[in-house]
Amino acid sequence: MELLEAISAKFNYWVYIVIMMIGLYAMISKNNLIKKLIGMSIFQTAIILFYVSIGVKEGATIPILYHEQVHPSHDSGHHEADTSHGAGEHGSDADLHAAGPLIEADDFANPLPHVLMLTAIVVGVSTLGVGLAITQKLYGEFGTIEEHEILDSIISGK
Amino acid sequence: MKALAFIAVILTGWLLMSAVSDFPDWGDPASPANSYRLSQHYITETFPETSVPNMVTAVLADYRGYDTMFETVVIFTAGIAIIGILRRYGPKDESVLKQQATIYKKDDDLIISTTCRLVIPIIQLFALYVVAHGHHSPGGGFQGGVIFGASFILLALSRDLQTAQKWVPENRILKLAGTGIFIYAGFGFLCLALGSNFLDYQILHKIMPATPIEARSHAMLGVEIGVAFTVTAVMFSIYSNLASNGRMKEGL
Amino acid sequence: MIWIFDLFTLIFLVITAIISLHVKDLLSAAMIFGVYSFLMCLLWAQMAAVDVAFTEAAVGAGVSAVFLIATVLRTSRRSSD
């Protein structure tokens with residue numbers, strides 16, 4: 001029962017590891033070069049998924065400020081409604097600069113992992129492109145994209 | 001090989017899974033990554049410091065601008081590498097080319113070409129919106145650049161590569177990719193020339209009709225446009241090289 | 001976290017990952033990899049990472065599937081495993 005609870009509490013992490021291992025297995029054992037590259041992409045997305053899930057906060061929203069926080073309204077009634085909305089969390093308003101509603105760190109998801117992974121995705125597709133270019137070059141050279149056939153023809157040619 | 005791979009995978013997976021119990025709980029706001037003061041600073045201080053509501057764009061283009069600049073250089077290098085690997089000039093192996101051309105020769109379909117003619121301008125407009133509005137909504141240079149590049153890829157897929165090459169010939173593509181990095185680095189050197197640190201956009205208020213805080217926001221837009229140039233060019237360059245096997249003659 | 005949505009998306013992720021590596025037709029593998037990327041994008045959007053999800057929708061489900069298909073059509077379509 002304890003094990004079941006441990007699994008259900010963190011099943012997301014378990015599934016990431018399963019996806020990652022699927023990618024790793026494909027990279028090691030598949031003979032086809034395109035299959036290897038698909039496995040590499042799956043491995044990559046599993047790691048990105050892990051990073052993104054680190055930045056998740058329970059009950060938090062996307063890391064973009066609300067309209068009211070960006071353009072504080074001068075209408076007093078509106079402003080009062082906003083402050084009453086976040087009334088319970090006025091403990092740490094020492095560093096409050098703007099006149100707008102308070103920006104609470106716990107209300108927004110952690111933007112740092114998102115930034116790191118956003119660039120990683122685009123760089124990942126460029127590296128996938130380089131891999132596919134090498135695959136095409138190998139096909140032009142050997143007439144096959146199966147790894148063991150390429151190895152055979154290299155050994156028999158030398 | 002398969003058995004060996006299976007053992008390696010099971011072993012690695014077991015090691016990783018035994019580490020799962022040490023991870024913080026799912027969505028815990030007090031976990032080390034979320035309670036670290038750098039992340040908290042990014043959330044609470046981004047708008048007062050840069051006047052950009054989208055924290056991801058602000059961190060991407062301003063706080064971690066140096067990082068993003070070299071990510072852009074990596075993408076540019078990947079594009080150059082693919083040209084170096086695949087691109088072939090001259091009419092060698094004409095027989096192979098003809099054979100491949102006959103395999104993938106397709107008739108122009110009226111419905112597909114008309115639909116794409118209608119859709120492509122809308123895609124490009126949306127890409128420009130994504131680049132320009134990346135401060136206030138999800139988006140930015142990477143996404144907008146990929147969408148803009150995808151519109152050219154759609155043109156090449158729906159007609160053929162020659163038609164797309166008329167709009168974006170190969171030498172223009174390379175110039176565009178270089179221009180993007182030049183714009184990005186240019187902003188950095190401009191800051192340097194005005195007497196501040198590399199990519200410290202605050203100093204740009206001296207030559208912009210804006211306050212130092214707004215100058216950071218405007219400079220971020222400029223940097224994102226640079227990223228979008230590079231990504232657009234490299235995405236189309238990679239596609240045209242892969243689809244034509246480096247010959248730039250017959251696409252898919 | 002909507003855990004039912006999360007659970008089903010993760011299960012489908014594992015299924016699409018296995019299928020895309022198991023099918024012998026590489027064109028289908030590329031298409032199913034596009035499906036995998038799109039499910040991943042849904043999961044990220046649900047995790048409040050909208051920028052990452054947007055990038056993945058444009059890059060993973062769109063452009064990288066096109067790259068894979070281009071390479072499959074320029075090389076061979078059958079895979080031995």
# chains A, B, ... in the order shown; residues from 1 in each chain; ligands from 1
$ residues_around --residues "Ala3 (chain B)" --least-positions-apart "2" --cutoff "12 Å" --atoms "only C-alpha atoms" --output "NGL selection string"
(:A and (25 or 28-30)) or (:B and (1 or 5-10))
$ residues_around --residues "Arg37 (chain B)" --least-positions-apart "6" --cutoff "12 Å" --atoms "only C-alpha atoms" --output "PDB file with C-alpha atoms, in the first residue's frame"
ATOM      1  CA  ALA A 105       5.618  34.764  -6.683  1.00  0.00           C
ATOM      2  CA  ASN A 110       8.452  29.340 -12.482  1.00  0.00           C
ATOM      3  CA  LEU A 112      13.257  29.951 -15.556  1.00  0.00           C
TER       4      LEU A 112
ATOM      5  CA  ALA B  30       8.210  25.506  -1.729  1.00  0.00           C
ATOM      6  CA  SER B  31      10.396  23.110  -3.715  1.00  0.00           C
ATOM      7  CA  ILE B  43       8.431  36.725 -11.254  1.00  0.00           C
ATOM      8  CA  THR B  44       8.044  39.727  -8.999  1.00  0.00           C
ATOM      9  CA  GLU B  45      10.599  42.168 -10.419  1.00  0.00           C
TER      10      GLU B  45
END
$ interface_residues --of "chain A" --to "chain C" --cutoff "9 Å" --atoms "only C-alpha atoms" --output "MDAnalysis selection string"
chainID A and resid 11:12 15:16 18:19 22:23 26 30:32 34:36 38:39 42 45 49 52:53 55:63 108:111 114:115 117:119 121:122 125:126 128:129 132:133 135:136 139:140 143:146
$ closest_residue --among "B:Gly144, B:Ser244, B:Ala58, B:Arg159" --to "Ala132 (chain B)" --atoms "only C-alpha atoms"
B:Gly144
$ atom_distance --atom1 "CA of Pro53 (chain B)" --atom2 "CA of Phe189 (chain B)"
26.1 Å
$ closest_atom_pairs --of "chain B" --to "chain C" --cutoff "7 Å" --atoms "only C-alpha atoms" --output "CSV"
residue,atom,partner,partner_atom,distance
B:Pro138,CA,C:Asp51,CA,5.2
B:Gly139,CA,C:Asp51,CA,6.0
B:Gln143,CA,C:Thr55,CA,5.3
B:Val146,CA,C:Ala58,CA,6.5
B:Ile147,CA,C:Ala58,CA,6.4
B:Ala150,CA,C:Val63,CA,6.7
B:Tyr239,CA,C:Phe67,CA,6.2
B:Leu242,CA,C:Ala70,CA,6.1
B:Ala243,CA,C:Ala70,CA,4.9
B:Asn245,CA,C:Arg74,CA,6.8
B:Leu252,CA,C:Ala70,CA,7.0
$ write_last_selection --atoms "N, CA and C atoms" --output "CSV table (one decimal), in the first residue's frame"
chain,number,residue,atom,x,y,z
B,138,PRO,N,2.0,34.8,-25.3
B,138,PRO,CA,3.0,33.7,-25.6
B,138,PRO,C,3.6,34.0,-27.0
B,139,GLY,N,4.8,33.8,-27.1
B,139,GLY,CA,5.4,34.0,-28.5
B,139,GLY,C,6.8,34.6,-28.3
B,143,GLN,N,9.4,31.3,-31.9
B,143,GLN,CA,8.2,30.7,-32.4
B,143,GLN,C,7.8,31.4,-33.7
B,146,VAL,N,9.9,30.3,-36.6
B,146,VAL,CA,9.6,28.9,-37.1
B,146,VAL,C,8.3,29.0,-37.9
B,147,ILE,N,7.3,29.8,-37.4
B,147,ILE,CA,6.1,29.8,-38.2
B,147,ILE,C,6.3,30.5,-39.6
B,150,ALA,N,7.9,28.0,-41.7
B,150,ALA,CA,6.9,27.0,-42.1
B,150,ALA,C,6.1,27.5,-43.2
B,239,TYR,N,15.1,22.8,-44.7
B,239,TYR,CA,14.1,22.0,-45.4
B,239,TYR,C,14.5,21.9,-46.9
B,242,LEU,N,17.3,19.3,-47.2
B,242,LEU,CA,16.9,17.9,-47.0
B,242,LEU,C,15.9,17.4,-48.1
B,243,ALA,N,15.0,18.3,-48.5
B,243,ALA,CA,14.0,17.8,-49.5
B,243,ALA,C,14.6,17.6,-50.9
B,245,ASN,N,17.8,16.9,-51.5
B,245,ASN,CA,19.1,16.1,-51.3
B,245,ASN,C,20.3,17.0,-51.7
B,252,LEU,N,10.1,18.1,-52.8
B,252,LEU,CA,9.3,16.9,-52.6
B,252,LEU,C,8.1,16.9,-53.6
$ atom_distance --atom1 "CA of Leu3 (chain A)" --atom2 "CA of Ser21 (chain B)"
10.8 Å
$ interface_residues --of "chain B" --to "chain A" --cutoff "8 Å" --atoms "only C-alpha atoms" --output "ChimeraX atom specification"
/B:1-2,5-6,9-10,12-13,16-17,20-21,25-29,33-34,39-40,42-44,47-48,53-57,59-60,68,71,74-75,78-79,81-82,85-86,136-137,142,235,238,242,245
$ select_by_dssp --residues "chain C" --states "alpha helix (DSSP H)" --output "PyMOL selection string"
chain C and resi 3-22+26-46+50-58+64-74
$ write_last_selection --atoms "C-alpha atoms" --output "mmCIF file, in the first residue's frame"
data_model
loop_
_atom_site.group_PDB
_atom_site.id
_atom_site.type_symbol
_atom_site.label_atom_id
_atom_site.label_comp_id
_atom_site.auth_asym_id
_atom_site.auth_seq_id
_atom_site.Cartn_x
_atom_site.Cartn_y
_atom_site.Cartn_z
ATOM 1 C CA TRP C 3 -4.730 14.582 -12.989
ATOM 2 C CA ILE C 4 -7.074 12.580 -15.240
ATOM 3 C CA PHE C 5 -6.045 14.637 -18.256
ATOM 4 C CA ASP C 6 -2.451 14.295 -17.180
ATOM 5 C CA LEU C 7 -2.690 10.539 -16.753
ATOM 6 C CA PHE C 8 -4.321 9.911 -20.114
ATOM 7 C CA THR C 9 -1.928 12.195 -21.964
ATOM 8 C CA LEU C 10 1.037 10.466 -20.374
ATOM 9 C CA ILE C 11 -0.322 7.019 -21.245
ATOM 10 C CA PHE C 12 -0.887 8.079 -24.845
ATOM 11 C CA LEU C 13 2.608 9.567 -24.893
ATOM 12 C CA VAL C 14 4.125 6.228 -23.949
ATOM 13 C CA ILE C 15 1.929 4.418 -26.489
ATOM 14 C CA THR C 16 2.801 6.770 -29.360
ATOM 15 C CA ALA C 17 6.497 6.663 -28.451
ATOM 16 C CA ILE C 18 6.502 2.859 -28.557
ATOM 17 C CA ILE C 19 4.476 2.680 -31.778
ATOM 18 C CA SER C 20 6.590 5.248 -33.601
ATOM 19 C CA LEU C 21 9.677 3.209 -32.759
ATOM 20 C CA HIS C 22 8.013 -0.118 -33.526
ATOM 21 C CA LEU C 26 9.280 5.013 -41.627
ATOM 22 C CA LEU C 27 6.671 7.398 -43.047
ATOM 23 C CA SER C 28 4.181 6.215 -40.424
ATOM 24 C CA ALA C 29 6.913 6.494 -37.805
ATOM 25 C CA ALA C 30 7.432 10.137 -38.745
ATOM 26 C CA MET C 31 3.698 10.851 -38.624
ATOM 27 C CA ILE C 32 3.259 9.155 -35.256
ATOM 28 C CA PHE C 33 6.232 11.107 -33.983
ATOM 29 C CA GLY C 34 4.286 14.235 -34.939
ATOM 30 C CA VAL C 35 1.363 12.955 -32.857
ATOM 31 C CA TYR C 36 3.752 12.338 -29.957
ATOM 32 C CA SER C 37 5.055 15.902 -30.211
ATOM 33 C CA PHE C 38 1.551 17.297 -30.234
ATOM 34 C CA LEU C 39 0.567 15.326 -27.122
ATOM 35 C CA MET C 40 3.717 16.634 -25.471
ATOM 36 C CA CYS C 41 2.652 20.153 -26.421
ATOM 37 C CA LEU C 42 -0.768 19.610 -24.813
ATOM 38 C CA LEU C 43 0.900 18.399 -21.636
ATOM 39 C CA TRP C 44 3.131 21.469 -21.470
ATOM 40 C CA ALA C 45 0.216 23.806 -22.052
ATOM 41 C CA GLN C 46 -1.496 22.116 -19.132
ATOM 42 C CA VAL C 50 2.597 28.209 -22.743
ATOM 43 C CA ASP C 51 5.712 29.481 -24.488
ATOM 44 C CA VAL C 52 7.299 26.053 -24.487
ATOM 45 C CA ALA C 53 4.059 24.485 -25.711
ATOM 46 C CA PHE C 54 3.806 27.044 -28.502
ATOM 47 C CA THR C 55 7.356 26.332 -29.596
ATOM 48 C CA GLU C 56 6.779 22.593 -29.533
ATOM 49 C CA ALA C 57 3.562 22.924 -31.532
ATOM 50 C CA ALA C 58 5.383 24.898 -34.208
ATOM 51 C CA SER C 64 10.544 18.365 -37.497
ATOM 52 C CA ALA C 65 7.884 16.009 -38.884
ATOM 53 C CA VAL C 66 8.364 17.670 -42.272
ATOM 54 C CA PHE C 67 12.140 17.203 -41.999
ATOM 55 C CA LEU C 68 11.701 13.530 -41.150
ATOM 56 C CA ILE C 69 9.279 12.986 -44.034
ATOM 57 C CA ALA C 70 11.617 14.774 -46.441
ATOM 58 C CA THR C 71 14.466 12.479 -45.412
ATOM 59 C CA VAL C 72 12.285 9.364 -45.584
ATOM 60 C CA LEU C 73 11.219 10.217 -49.120
ATOM 61 C CA ARG C 74 14.820 10.945 -50.152
#
